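> Sending over query-v4.txt (compact mmCIF, C-alpha atoms).
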```txt
# COMPACT_ATOMS: atom_id res chain seq x y z
CA MET A 657 17.08 12.45 13.62
CA SER A 658 18.96 15.10 15.52
CA LYS A 659 17.39 17.80 17.63
CA ILE A 660 18.81 20.35 15.20
CA ALA A 661 16.91 18.69 12.35
CA ARG A 662 13.70 18.73 14.36
CA ALA A 663 14.15 22.45 14.95
CA VAL A 664 14.26 23.25 11.22
CA PRO A 665 10.99 24.93 10.12
CA PRO A 666 8.91 22.78 7.73
CA GLY A 667 9.03 25.39 4.94
CA SER A 668 12.83 25.51 4.97
CA LEU A 669 12.97 21.73 5.19
CA PHE A 670 10.90 21.28 2.02
CA ALA A 671 12.74 24.06 0.15
CA ARG A 672 16.04 22.16 0.49
CA ARG A 673 14.50 19.06 -1.07
CA ILE A 674 12.88 20.70 -4.10
CA PRO A 675 15.33 19.08 -6.61
CA LEU A 676 14.61 15.63 -5.11
CA LEU A 677 10.88 16.35 -5.19
CA LEU A 678 11.03 17.34 -8.87
CA ALA A 679 13.10 14.25 -9.69
CA GLY A 680 10.55 12.00 -7.97
CA ILE A 681 7.62 13.64 -9.73
CA GLY A 682 9.48 13.33 -13.05
CA ALA A 683 10.12 9.60 -12.50
CA LEU A 684 6.47 9.10 -11.55
CA ALA A 685 5.34 10.92 -14.71
CA VAL A 686 7.55 8.65 -16.83
CA CYS A 687 6.09 5.53 -15.16
CA ALA A 688 2.55 6.84 -15.70
CA ALA A 689 3.27 7.49 -19.39
CA LEU A 690 4.71 3.97 -19.79
CA SER A 691 1.65 2.56 -18.03
CA LEU A 692 -0.56 4.26 -20.61
CA ALA A 693 1.58 3.19 -23.57
CA LEU A 694 2.75 -0.37 -22.84
CA GLY A 695 0.81 -3.62 -22.72
CA SER A 696 -0.31 -6.42 -25.01
CA ARG A 697 -1.13 -3.68 -27.55
CA PRO A 698 1.70 -1.06 -27.52
CA VAL A 699 0.55 2.49 -28.25
CA PRO A 700 2.96 5.27 -29.33
CA LEU A 701 3.38 8.05 -26.76
CA SER A 702 2.25 10.62 -29.33
CA THR A 703 -1.04 8.72 -29.74
CA VAL A 704 -1.35 8.50 -25.94
CA ALA A 705 -1.07 12.29 -25.68
CA GLU A 706 -3.60 12.81 -28.48
CA ALA A 707 -6.02 10.35 -26.86
CA LEU A 708 -5.78 12.11 -23.49
CA PHE A 709 -6.62 15.46 -25.12
CA GLY A 710 -9.44 13.98 -27.24
CA ASP A 711 -7.61 14.42 -30.55
CA ALA A 712 -7.28 10.68 -31.36
CA HIS A 713 -9.94 8.13 -32.18
CA GLY A 714 -9.99 4.44 -32.96
CA ARG A 715 -8.90 1.32 -31.09
CA ASP A 716 -5.67 2.78 -29.69
CA ALA A 717 -7.50 5.74 -28.19
CA ILE A 718 -10.13 3.43 -26.66
CA VAL A 719 -7.41 1.26 -25.13
CA VAL A 720 -5.71 4.32 -23.59
CA THR A 721 -8.75 6.16 -22.23
CA GLY A 722 -11.04 3.22 -21.57
CA LEU A 723 -8.63 0.68 -20.05
CA ARG A 724 -5.19 2.02 -19.21
CA LEU A 725 -6.10 5.48 -17.88
CA PRO A 726 -8.44 4.11 -15.15
CA ARG A 727 -5.87 1.41 -14.32
CA THR A 728 -3.12 4.03 -13.98
CA VAL A 729 -5.26 6.28 -11.76
CA VAL A 730 -6.13 3.30 -9.54
CA ALA A 731 -2.42 2.41 -9.32
CA LEU A 732 -1.54 5.98 -8.27
CA ALA A 733 -4.13 5.93 -5.49
CA VAL A 734 -3.36 2.40 -4.27
CA GLY A 735 0.40 2.99 -4.37
CA ALA A 736 0.11 6.22 -2.40
CA ALA A 737 -2.07 4.53 0.22
CA LEU A 738 0.30 1.56 0.61
CA GLY A 739 3.42 3.73 0.74
CA VAL A 740 2.07 6.10 3.40
CA ALA A 741 0.57 3.21 5.39
CA GLY A 742 4.00 1.58 5.48
CA ALA A 743 5.71 4.77 6.66
CA VAL A 744 3.18 5.27 9.48
CA ALA A 745 3.33 1.57 10.47
CA GLN A 746 7.11 1.75 10.75
CA GLY A 747 6.84 5.03 12.67
CA ILE A 748 4.38 3.89 15.32
CA THR A 749 6.11 0.52 15.86
CA ARG A 750 9.68 1.84 15.49
CA ASN A 751 10.20 -1.30 13.44
CA PRO A 752 11.71 -1.01 9.92
CA LEU A 753 10.08 -4.31 8.92
CA ALA A 754 6.53 -3.17 9.75
CA SER A 755 4.07 -2.88 6.87
CA PRO A 756 0.39 -3.62 6.17
CA THR A 757 1.45 -7.18 5.35
CA THR A 758 3.36 -7.85 8.57
CA LEU A 759 0.58 -6.28 10.68
CA GLY A 760 -1.89 -8.86 9.35
CA ILE A 761 -4.04 -6.36 7.43
CA ASN A 762 -3.61 -7.96 4.01
CA ALA A 763 -4.29 -11.42 5.46
CA GLY A 764 -7.47 -10.12 7.14
CA ALA A 765 -8.76 -8.78 3.84
CA GLY A 766 -7.90 -12.04 2.09
CA PHE A 767 -9.66 -14.16 4.69
CA ALA A 768 -12.82 -12.02 4.53
CA VAL A 769 -12.94 -12.25 0.74
CA VAL A 770 -12.38 -16.01 0.73
CA VAL A 771 -15.20 -16.51 3.26
CA ALA A 772 -17.49 -14.20 1.24
CA ILE A 773 -16.79 -16.14 -1.97
CA TYR A 774 -17.40 -19.44 -0.18
CA THR A 775 -20.64 -18.45 1.54
CA LEU A 776 -22.18 -15.90 -0.88
CA HIS A 777 -20.85 -17.31 -4.19
CA LEU A 778 -19.38 -13.97 -5.31
CA THR A 779 -17.70 -13.95 -8.72
CA ARG A 780 -16.51 -10.37 -9.47
CA PRO A 781 -13.69 -8.39 -7.78
CA VAL A 782 -15.93 -5.33 -7.41
CA GLU A 783 -18.22 -7.46 -5.21
CA TYR A 784 -15.30 -8.22 -2.88
CA LEU A 785 -14.71 -4.53 -2.11
CA TRP A 786 -16.43 -4.05 1.24
CA PHE A 787 -15.62 -7.55 2.48
CA ALA A 788 -11.93 -6.85 1.86
CA PHE A 789 -12.11 -3.48 3.59
CA LEU A 790 -13.97 -4.83 6.60
CA GLY A 791 -11.59 -7.80 6.87
CA ALA A 792 -8.56 -5.50 6.72
CA ALA A 793 -10.05 -3.13 9.30
CA ALA A 794 -10.98 -5.98 11.65
CA ALA A 795 -7.50 -7.52 11.41
CA GLY A 796 -5.83 -4.14 11.99
CA MET A 797 -7.97 -3.41 15.06
CA LEU A 798 -7.41 -6.95 16.40
CA ALA A 799 -3.64 -6.51 16.02
CA GLN A 800 -3.89 -3.31 18.06
CA LEU A 801 -5.92 -5.06 20.76
CA LEU A 802 -3.31 -7.84 20.96
CA ALA A 803 -0.61 -5.20 21.35
CA ARG A 804 -2.19 -3.46 24.33
CA ARG A 805 -0.43 -3.80 27.65
CA ALA A 806 -1.56 -1.86 30.74
CA GLY A 807 -3.73 0.32 28.49
CA ASP A 808 -0.85 1.35 26.20
CA LEU A 809 0.06 0.14 22.73
CA ASP A 810 3.32 -1.80 22.88
CA PRO A 811 5.20 -1.49 19.55
CA VAL A 812 7.00 -4.84 19.95
CA ARG A 813 3.74 -6.66 20.76
CA LEU A 814 2.08 -4.88 17.82
CA ALA A 815 4.68 -6.18 15.35
CA LEU A 816 4.72 -9.70 16.82
CA GLY A 817 0.93 -9.83 17.17
CA GLY A 818 0.55 -8.75 13.53
CA VAL A 819 2.85 -11.51 12.29
CA VAL A 820 1.04 -14.16 14.34
CA LEU A 821 -2.33 -12.88 13.18
CA GLN A 822 -1.14 -12.96 9.58
CA MET A 823 -0.08 -16.60 9.84
CA VAL A 824 -3.35 -17.64 11.49
CA LEU A 825 -5.53 -15.86 8.92
CA LEU A 826 -3.51 -17.24 6.00
CA SER A 827 -3.94 -20.79 7.28
CA TRP A 828 -7.69 -20.25 7.76
CA SER A 829 -7.97 -18.85 4.21
CA GLN A 830 -6.17 -21.87 2.77
CA ALA A 831 -8.42 -24.20 4.74
CA VAL A 832 -11.56 -22.57 3.31
CA MET A 833 -10.16 -22.65 -0.23
CA LEU A 834 -9.25 -26.35 0.09
CA ALA A 835 -12.83 -27.06 1.17
CA SER A 836 -14.22 -25.67 -2.09
CA GLU A 837 -12.65 -25.94 -5.54
CA ARG A 838 -14.89 -23.13 -6.80
CA THR A 839 -13.69 -20.81 -4.02
CA LEU A 840 -10.08 -21.71 -4.83
CA ASP A 841 -10.58 -20.84 -8.51
CA GLU A 842 -12.31 -17.53 -7.74
CA ALA A 843 -10.07 -16.32 -4.93
CA ARG A 844 -6.59 -17.21 -6.15
CA PHE A 845 -6.46 -14.44 -8.79
CA TRP A 846 -7.63 -11.77 -6.33
CA LEU A 847 -5.24 -12.99 -3.65
CA ALA A 848 -2.32 -12.58 -6.08
CA GLY A 849 -2.93 -8.81 -6.06
CA SER A 850 -3.74 -7.26 -9.44
CA LEU A 851 -4.65 -4.00 -11.17
CA SER A 852 -6.01 -5.78 -14.25
CA GLY A 853 -9.62 -4.89 -14.92
CA ARG A 854 -9.78 -2.45 -12.00
CA THR A 855 -11.88 0.56 -12.96
CA LEU A 856 -12.65 3.84 -11.23
CA ASP A 857 -15.92 2.27 -10.06
CA ALA A 858 -13.82 0.18 -7.65
CA LEU A 859 -11.93 3.25 -6.39
CA TRP A 860 -14.79 5.69 -5.71
CA PRO A 861 -16.38 3.80 -2.75
CA VAL A 862 -13.14 3.71 -0.75
CA LEU A 863 -11.82 7.13 -1.80
CA PRO A 864 -13.23 8.92 1.31
CA THR A 865 -11.52 6.50 3.73
CA LEU A 866 -8.32 6.71 1.71
CA VAL A 867 -8.31 10.53 1.83
CA ILE A 868 -9.09 10.57 5.58
CA GLY A 869 -6.24 8.13 6.17
CA LEU A 870 -3.82 10.35 4.21
CA VAL A 871 -4.87 13.48 6.10
CA VAL A 872 -4.47 11.75 9.48
CA ALA A 873 -1.06 10.34 8.49
CA LEU A 874 0.22 13.74 7.40
CA ALA A 875 -1.16 15.36 10.57
CA ILE A 876 0.72 13.03 12.93
CA SER A 877 3.99 12.98 10.96
CA PRO A 878 5.71 15.55 13.30
CA ALA A 879 4.73 13.44 16.33
CA LEU A 880 6.25 10.34 14.70
CA ASN A 881 9.61 12.13 14.89
CA ALA A 882 9.20 12.34 18.65
CA LEU A 883 8.24 8.64 18.86
CA ALA A 884 11.48 7.77 17.05
CA LEU A 885 13.39 9.18 20.05
CA GLY A 886 11.75 6.66 22.41
CA ASP A 887 8.59 6.74 24.50
CA ASP A 888 10.17 8.48 27.50
CA SER A 889 11.71 11.23 25.38
CA ALA A 890 8.49 11.69 23.44
CA GLN A 891 6.46 12.04 26.64
CA ALA A 892 9.02 14.51 27.97
CA LEU A 893 8.44 16.57 24.82
CA GLY A 894 4.71 16.60 25.57
CA VAL A 895 3.68 14.08 22.89
CA PRO A 896 0.73 11.82 23.89
CA VAL A 897 2.42 8.57 22.90
CA ALA A 898 -0.52 6.17 23.32
CA ARG A 899 -2.91 8.50 21.50
CA ILE A 900 -0.51 8.98 18.57
CA ARG A 901 -0.03 5.21 18.24
CA VAL A 902 -3.77 4.56 18.20
CA THR A 903 -4.33 7.40 15.71
CA GLY A 904 -1.51 6.10 13.53
CA GLY A 905 -2.95 2.59 13.70
CA ILE A 906 -6.31 3.89 12.52
CA ALA A 907 -4.62 5.70 9.62
CA VAL A 908 -2.82 2.48 8.62
CA VAL A 909 -6.09 0.54 8.71
CA LEU A 910 -7.92 3.14 6.61
CA LEU A 911 -5.12 3.36 4.02
CA ALA A 912 -4.19 -0.32 3.75
CA GLY A 913 -7.82 -1.43 3.94
CA SER A 914 -8.77 0.89 1.08
CA ALA A 915 -5.82 -0.22 -1.05
CA VAL A 916 -6.29 -3.95 -0.56
CA ALA A 917 -10.04 -3.65 -1.18
CA VAL A 918 -9.35 -2.23 -4.65
CA ALA A 919 -6.30 -4.19 -5.80
CA GLY A 920 -6.05 -7.20 -3.53
CA PRO A 921 -3.18 -7.89 -1.11
CA VAL A 922 -0.17 -6.34 -2.88
CA ALA A 923 2.87 -6.99 -0.69
CA PHE A 924 6.16 -5.12 -0.20
CA ILE A 925 5.09 -1.70 -1.59
CA GLY A 926 4.32 -0.54 1.96
CA LEU A 927 7.62 -1.98 3.13
CA ALA A 928 9.87 -0.70 0.33
CA ALA A 929 8.52 2.83 -0.26
CA PRO A 930 9.54 4.28 3.16
CA HIS A 931 13.03 2.81 2.85
CA LEU A 932 13.44 4.27 -0.64
CA VAL A 933 12.37 7.73 0.58
CA ARG A 934 14.56 7.40 3.68
CA LEU A 935 17.62 6.94 1.44
CA ALA A 936 16.82 10.22 -0.33
CA VAL A 937 15.59 12.56 2.43
CA GLY A 938 16.51 10.91 5.73
CA SER A 939 14.28 9.84 8.62
CA ASP A 940 12.35 13.06 9.24
CA HIS A 941 8.70 11.97 9.03
CA ARG A 942 7.67 15.46 7.89
CA LEU A 943 9.43 14.55 4.62
CA LEU A 944 9.20 10.76 4.80
CA VAL A 945 5.40 10.54 4.89
CA PRO A 946 4.77 13.01 2.00
CA GLY A 947 7.64 11.40 0.07
CA CYS A 948 5.79 8.07 0.16
CA LEU A 949 2.97 9.75 -1.76
CA ILE A 950 5.40 9.68 -4.69
CA ALA A 951 7.48 6.57 -3.94
CA GLY A 952 4.49 4.24 -3.38
CA PRO A 953 2.82 4.91 -6.76
CA LEU A 954 6.23 4.91 -8.44
CA LEU A 955 7.03 1.40 -7.20
CA LEU A 956 3.54 0.05 -7.90
CA LEU A 957 3.38 1.47 -11.43
CA ALA A 958 6.91 0.22 -12.20
CA ALA A 959 5.98 -3.31 -11.02
CA ASP A 960 2.71 -3.21 -13.00
CA VAL A 961 4.44 -2.08 -16.21
CA LEU A 962 7.15 -4.72 -15.76
CA GLY A 963 4.49 -7.40 -15.31
CA ARG A 964 2.87 -6.36 -18.57
CA VAL A 965 6.13 -6.41 -20.54
CA VAL A 966 8.01 -9.53 -19.43
CA VAL A 967 5.41 -12.10 -20.56
CA ARG A 968 3.68 -10.10 -23.30
CA PRO A 969 1.05 -10.60 -24.76
CA SER A 970 -0.08 -12.02 -21.41
CA GLU A 971 0.82 -10.38 -18.08
CA LEU A 972 1.93 -11.13 -14.52
CA GLU A 973 -0.18 -9.80 -11.63
CA VAL A 974 1.46 -6.83 -9.96
CA GLY A 975 1.36 -8.65 -6.61
CA ILE A 976 3.57 -11.41 -8.03
CA VAL A 977 6.07 -8.92 -9.48
CA SER A 978 6.23 -6.85 -6.28
CA ALA A 979 6.71 -10.01 -4.20
CA PHE A 980 9.47 -11.24 -6.54
CA LEU A 981 11.31 -7.91 -6.27
CA GLY A 982 10.49 -7.26 -2.61
CA ALA A 983 11.55 -10.58 -1.12
CA PRO A 984 15.31 -9.83 -1.53
CA LEU A 985 14.72 -6.40 0.04
CA LEU A 986 13.04 -8.01 3.05
CA ALA A 987 15.99 -10.39 3.45
CA VAL A 988 18.47 -7.49 3.33
CA LEU A 989 16.46 -5.47 5.86
CA ALA A 990 16.06 -8.44 8.19
CA ARG A 991 19.82 -9.03 8.06
CA LYS A 992 20.45 -5.33 8.76
CA VAL A 993 18.05 -5.31 11.72
CA ALA A 994 19.59 -8.48 13.15
CA ARG A 995 23.06 -6.92 13.31
```
Now that the file is in, can you turn its structure into structure tokens?

Amino acid sequence: MSKIARAVPPGSLFARRIPLLLAGIGALAVCAALSLALGSRPVPLSTVAEALFGDAHGRDAIVVTGLRLPRTVVALAVGAALGVAGAVAQGITRNPLASPTTLGINAGAGFAVVVAIYTLHLTRPVEYLWFAFLGAAAAGMLAQLLARRAGDLDPVRLALGGVVLQMVLLSWSQAVMLASERTLDEARFWLAGSLSGRTLDALWPVLPTLVIGLVVALAISPALNALALGDDSAQALGVPVARIRVTGGIAVVLLAGSAVAVAGPVAFIGLAAPHLVRLAVGSDHRLLVPGCLIAGPLLLLAADVLGRVVVRPSELEVGIVSAFLGAPLLAVLARKVAR
């Protein structure tokens, strides 16, 4: 980002992007409507609208308001959290491949849930909630500790430490699952990442941490622009580099931990959303971070709807669909970074 771009006032910056903002909100509204209408039991959009306003009754209305509306709201919240977490992770590490997955956060949540199922004999996803959050938070904090050098947070060590931590935790999770067939049966569906059966009861407990994470991420977005210029330049501009990295790391932990606790480890949304927004509005984090509030839910809802349609009347977990679509993106980005 140029110095001229950084000098543009935020109000003027947003005013220039109003058409893009409206287009993104429109696309998100279409995905939300499809999420309410499509599934093993298709419901006409007119009936969806009537059900939302209380003018329809019967089985279709119950499906819309009782099952699909909570699922769509959960997808909006989880997608926003993953998208913003990815943007902040890439900002503090200056690494376009950084995401909650590559920082080991998803693997930490998975390992904690697998251990909880093995030792406490848990059987319902809502019971995994706090174990997943604590596992994600512990893994995120451990990755930050591994990245410290001379008291500062090294972005290269943070990315490498996260990848190593992810591999270690995944191998430990597989070892625990192989030791118990019951644990394997219970954990494998959660580990795939899914919105099926997720109700608002699963979202409420982590909503405060999710909101705090969003507020912190938005607050540090101007400082992330300075970090993109390099540590020396950022310090010359008066930005406390180490403090911003630690604050950003905490925001990533709060956001990704909340998301994975509700929906399981859904990969690639946190990686893809910032790159999608970057194509539309550039690399200014004052636009990039808020833009992920739209792009994250858009990608997650699109993957969820696709998973419900391709194998109807059954469905594919959203984590499988996002991984299938995100793997080629990761390969393209890795190739681009390597050049």
> Select, from A:Leu785, A:Ala951, A:Leu985, A:Leu962, the residue with the minimum atom-to-atom distance to Gly682 in chain A, counting all atoms listed in the file.
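Looking at the shortest contact to Gly682 in chain A, the residue is A:Ala951.
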> Which residue out of A:Gly714, A:Gly695, A:Gly982, A:Gly905 has the minimum interatomic distance to Asp810 in chain A when only C-alpha atoms are used?
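Closest to Asp810 in chain A of all the choices is A:Gly905.
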> Taking (-1.6, -9.5, 11.2) in the file's coordinates, which residues come within 10 Å, counting only C-alpha atoms, written as a JSON list (two decimals) with C-alpha atoms, in the coordinates of the input?

```
[["chain", "number", "residue", "atom", "x", "y", "z"],
["A", 755, "SER", "CA", 4.07, -2.88, 6.87],
["A", 756, "PRO", "CA", 0.39, -3.62, 6.17],
["A", 757, "THR", "CA", 1.45, -7.18, 5.35],
["A", 758, "THR", "CA", 3.36, -7.85, 8.57],
["A", 759, "LEU", "CA", 0.58, -6.28, 10.68],
["A", 760, "GLY", "CA", -1.89, -8.86, 9.35],
["A", 761, "ILE", "CA", -4.04, -6.36, 7.43],
["A", 762, "ASN", "CA", -3.61, -7.96, 4.01],
["A", 763, "ALA", "CA", -4.29, -11.42, 5.46],
["A", 764, "GLY", "CA", -7.47, -10.12, 7.14],
["A", 792, "ALA", "CA", -8.56, -5.50, 6.72],
["A", 795, "ALA", "CA", -7.50, -7.52, 11.41],
["A", 796, "GLY", "CA", -5.83, -4.14, 11.99],
["A", 797, "MET", "CA", -7.97, -3.41, 15.06],
["A", 798, "LEU", "CA", -7.41, -6.95, 16.40],
["A", 799, "ALA", "CA", -3.64, -6.51, 16.02],
["A", 800, "GLN", "CA", -3.89, -3.31, 18.06],
["A", 814, "LEU", "CA", 2.08, -4.88, 17.82],
["A", 815, "ALA", "CA", 4.68, -6.18, 15.35],
["A", 816, "LEU", "CA", 4.72, -9.70, 16.82],
["A", 817, "GLY", "CA", 0.93, -9.83, 17.17],
["A", 818, "GLY", "CA", 0.55, -8.75, 13.53],
["A", 819, "VAL", "CA", 2.85, -11.51, 12.29],
["A", 820, "VAL", "CA", 1.04, -14.16, 14.34],
["A", 821, "LEU", "CA", -2.33, -12.88, 13.18],
["A", 822, "GLN", "CA", -1.14, -12.96, 9.58],
["A", 823, "MET", "CA", -0.08, -16.60, 9.84],
["A", 824, "VAL", "CA", -3.35, -17.64, 11.49],
["A", 825, "LEU", "CA", -5.53, -15.86, 8.92],
["A", 826, "LEU", "CA", -3.51, -17.24, 6.00]]
```
> Between A:Leu932, A:Ala831, A:Ala923, A:Val812, single out the one closest to Leu944 in chain A, counting only C-alpha atoms.
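Looking only at the distances to Leu944 in chain A, the closest residue turns out to be A:Leu932.
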> For Leu949 in chain A, which of A:Ala890, A:Ala794, A:Val988, A:Val933 is the closest residue, counting all atoms listed in the file?
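Among the listed residues, the smallest separation from Leu949 in chain A belongs to A:Val933.
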> In file coordinates, which residues lie within 7 Å of (1.9, 6.8, -11.3) using all atoms listed in the file, given as JSON, numbers by chain?
{"A": [684, 685, 687, 688, 728, 731, 732, 953, 954, 957]}
> Pick the closest to Ala736 in chain A from A:Leu694, A:Leu859, A:Val945, A:Ala848: which is it, counting all atoms listed in the file?
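Using all atoms listed in the file, the shortest distance to Ala736 in chain A belongs to A:Val945.
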> I'd like the contact shell of Leu840 in chain A - 12 Å cut-off, only C-alpha atoms, skipping same-chain residues fewer than 4 positions apart - returned as a PyMOL selection string.
chain A and resi 769-771+773-774+777+779+829-836+844-847
> Enter the distance from CA of Pro752 in chain A to CA of Ala803 in chain A, in Å, rounded to one decimal.
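Those two atoms sit 17.3 Å apart.
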> Show me, as a compact mmCIF listing (two decimals) with C-alpha atoms, keeping the file's coordinate frame, the residues that have an atom within 12 Å of Pro896 in chain A when counting all atoms listed in the file, minus same-chain residues fewer than 4 positions from it.

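As written to disk, result_9.txt reads:
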```
# COMPACT_ATOMS: atom_id res chain seq x y z
CA ASP A 808 -0.85 1.35 26.20
CA LEU A 809 0.06 0.14 22.73
CA ILE A 876 0.72 13.03 12.93
CA ALA A 879 4.73 13.44 16.33
CA LEU A 880 6.25 10.34 14.70
CA ALA A 882 9.20 12.34 18.65
CA LEU A 883 8.24 8.64 18.86
CA ASP A 887 8.59 6.74 24.50
CA ASP A 888 10.17 8.48 27.50
CA SER A 889 11.71 11.23 25.38
CA ALA A 890 8.49 11.69 23.44
CA GLN A 891 6.46 12.04 26.64
CA ALA A 892 9.02 14.51 27.97
CA ILE A 900 -0.51 8.98 18.57
CA ARG A 901 -0.03 5.21 18.24
CA VAL A 902 -3.77 4.56 18.20
CA THR A 903 -4.33 7.40 15.71
```
> One decimal, in Å: what's the spacing between CA of Leu676 in chain A and CA of Pro946 in chain A?
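Spanning CA of Leu676 in chain A to CA of Pro946 in chain A is a straight-line distance of 12.4 Å.
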> For range 737-745 of chain A, list every protein, DNA or RNA residue within 7 Å, evaluated using only C-alpha atoms, and leave out those in the same chain fewer than 5 positions away; present the list as a list in words.
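Listing them by chain and then by number gives Ala754, Ser755, Pro756, Leu866, Ala873, Gly904, Val908, Leu911, Ala912, Ala915, Ile925, Gly926, Leu927, Ala929, Pro930, Val945, Cys948, Leu949, Ala951 and Gly952 of chain A.
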> Calculate how many Å separate CA of Leu955 in chain A from CA of Glu971 in chain A, rounding to one decimal.
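CA of Glu971 in chain A lies at a distance of 17.2 Å from CA of Leu955 in chain A.
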> From the options A:Ala858, A:Ile906, A:Leu851, A:Leu943, which residue's atoms come nearest to Ser877 in chain A, counting only C-alpha atoms?
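Nearest candidate to Ser877 in chain A out of A:Ala858, A:Ile906, A:Leu851, A:Leu943: A:Leu943.
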> Identify, on the basis of all atoms listed in the file, every residue whose closest approach to Val686 in chain A does not exceed 10 Å; exclude the query and any residue fewer than 5 positions from it along the same chain; express the result as an MDAnalysis selection string.
chainID A and resid 680:681 691:692 954 957:958
> Excluding His713 in chain A and its own-chain neighbours fewer than 6 positions away, which residues fall within 12 Å of it when counting all atoms listed in the file? Please give them as a PyMOL selection string.
chain A and resi 703-707+719-722
> Using N, CA, C and O atoms, give me range 875-886 of chain A from the structure I just pasted, as a short mmCIF file (atom, residue, chain, number, x, y, z; two decimals), in the first residue's frame.

```
data_model
loop_
_atom_site.label_atom_id
_atom_site.label_comp_id
_atom_site.auth_asym_id
_atom_site.auth_seq_id
_atom_site.Cartn_x
_atom_site.Cartn_y
_atom_site.Cartn_z
N ALA A 875 -10.03 -2.60 15.55
CA ALA A 875 -9.28 -1.52 16.18
C ALA A 875 -7.82 -1.48 15.72
O ALA A 875 -7.23 -0.40 15.59
N ILE A 876 -7.24 -2.64 15.47
CA ILE A 876 -5.81 -2.66 15.09
C ILE A 876 -5.61 -2.65 13.58
O ILE A 876 -4.46 -2.69 13.12
N SER A 877 -6.70 -2.61 12.80
CA SER A 877 -6.55 -2.69 11.34
C SER A 877 -5.68 -1.55 10.78
O SER A 877 -4.88 -1.81 9.86
N PRO A 878 -5.75 -0.30 11.27
CA PRO A 878 -4.81 0.73 10.74
C PRO A 878 -3.35 0.38 11.03
O PRO A 878 -2.47 0.62 10.19
N ALA A 879 -3.08 -0.18 12.21
CA ALA A 879 -1.70 -0.53 12.56
C ALA A 879 -1.18 -1.67 11.69
O ALA A 879 0.03 -1.76 11.44
N LEU A 880 -2.06 -2.55 11.22
CA LEU A 880 -1.63 -3.64 10.34
C LEU A 880 -1.09 -3.09 9.02
O LEU A 880 -0.23 -3.70 8.39
N ASN A 881 -1.60 -1.93 8.60
CA ASN A 881 -1.05 -1.29 7.40
C ASN A 881 0.41 -0.93 7.61
O ASN A 881 1.24 -1.08 6.71
N ALA A 882 0.72 -0.42 8.80
CA ALA A 882 2.11 -0.06 9.11
C ALA A 882 2.99 -1.30 9.17
O ALA A 882 4.13 -1.28 8.69
N LEU A 883 2.47 -2.40 9.75
CA LEU A 883 3.26 -3.64 9.81
C LEU A 883 3.59 -4.14 8.41
O LEU A 883 4.67 -4.73 8.19
N ALA A 884 2.69 -3.91 7.46
CA ALA A 884 2.93 -4.39 6.09
C ALA A 884 4.14 -3.71 5.46
O ALA A 884 4.73 -4.23 4.51
N LEU A 885 4.54 -2.54 5.98
CA LEU A 885 5.70 -1.83 5.46
C LEU A 885 7.02 -2.38 5.99
O LEU A 885 8.09 -1.97 5.52
N GLY A 886 6.94 -3.27 6.99
CA GLY A 886 8.16 -3.80 7.62
C GLY A 886 8.27 -3.27 9.05
O GLY A 886 7.75 -2.19 9.37
#
```
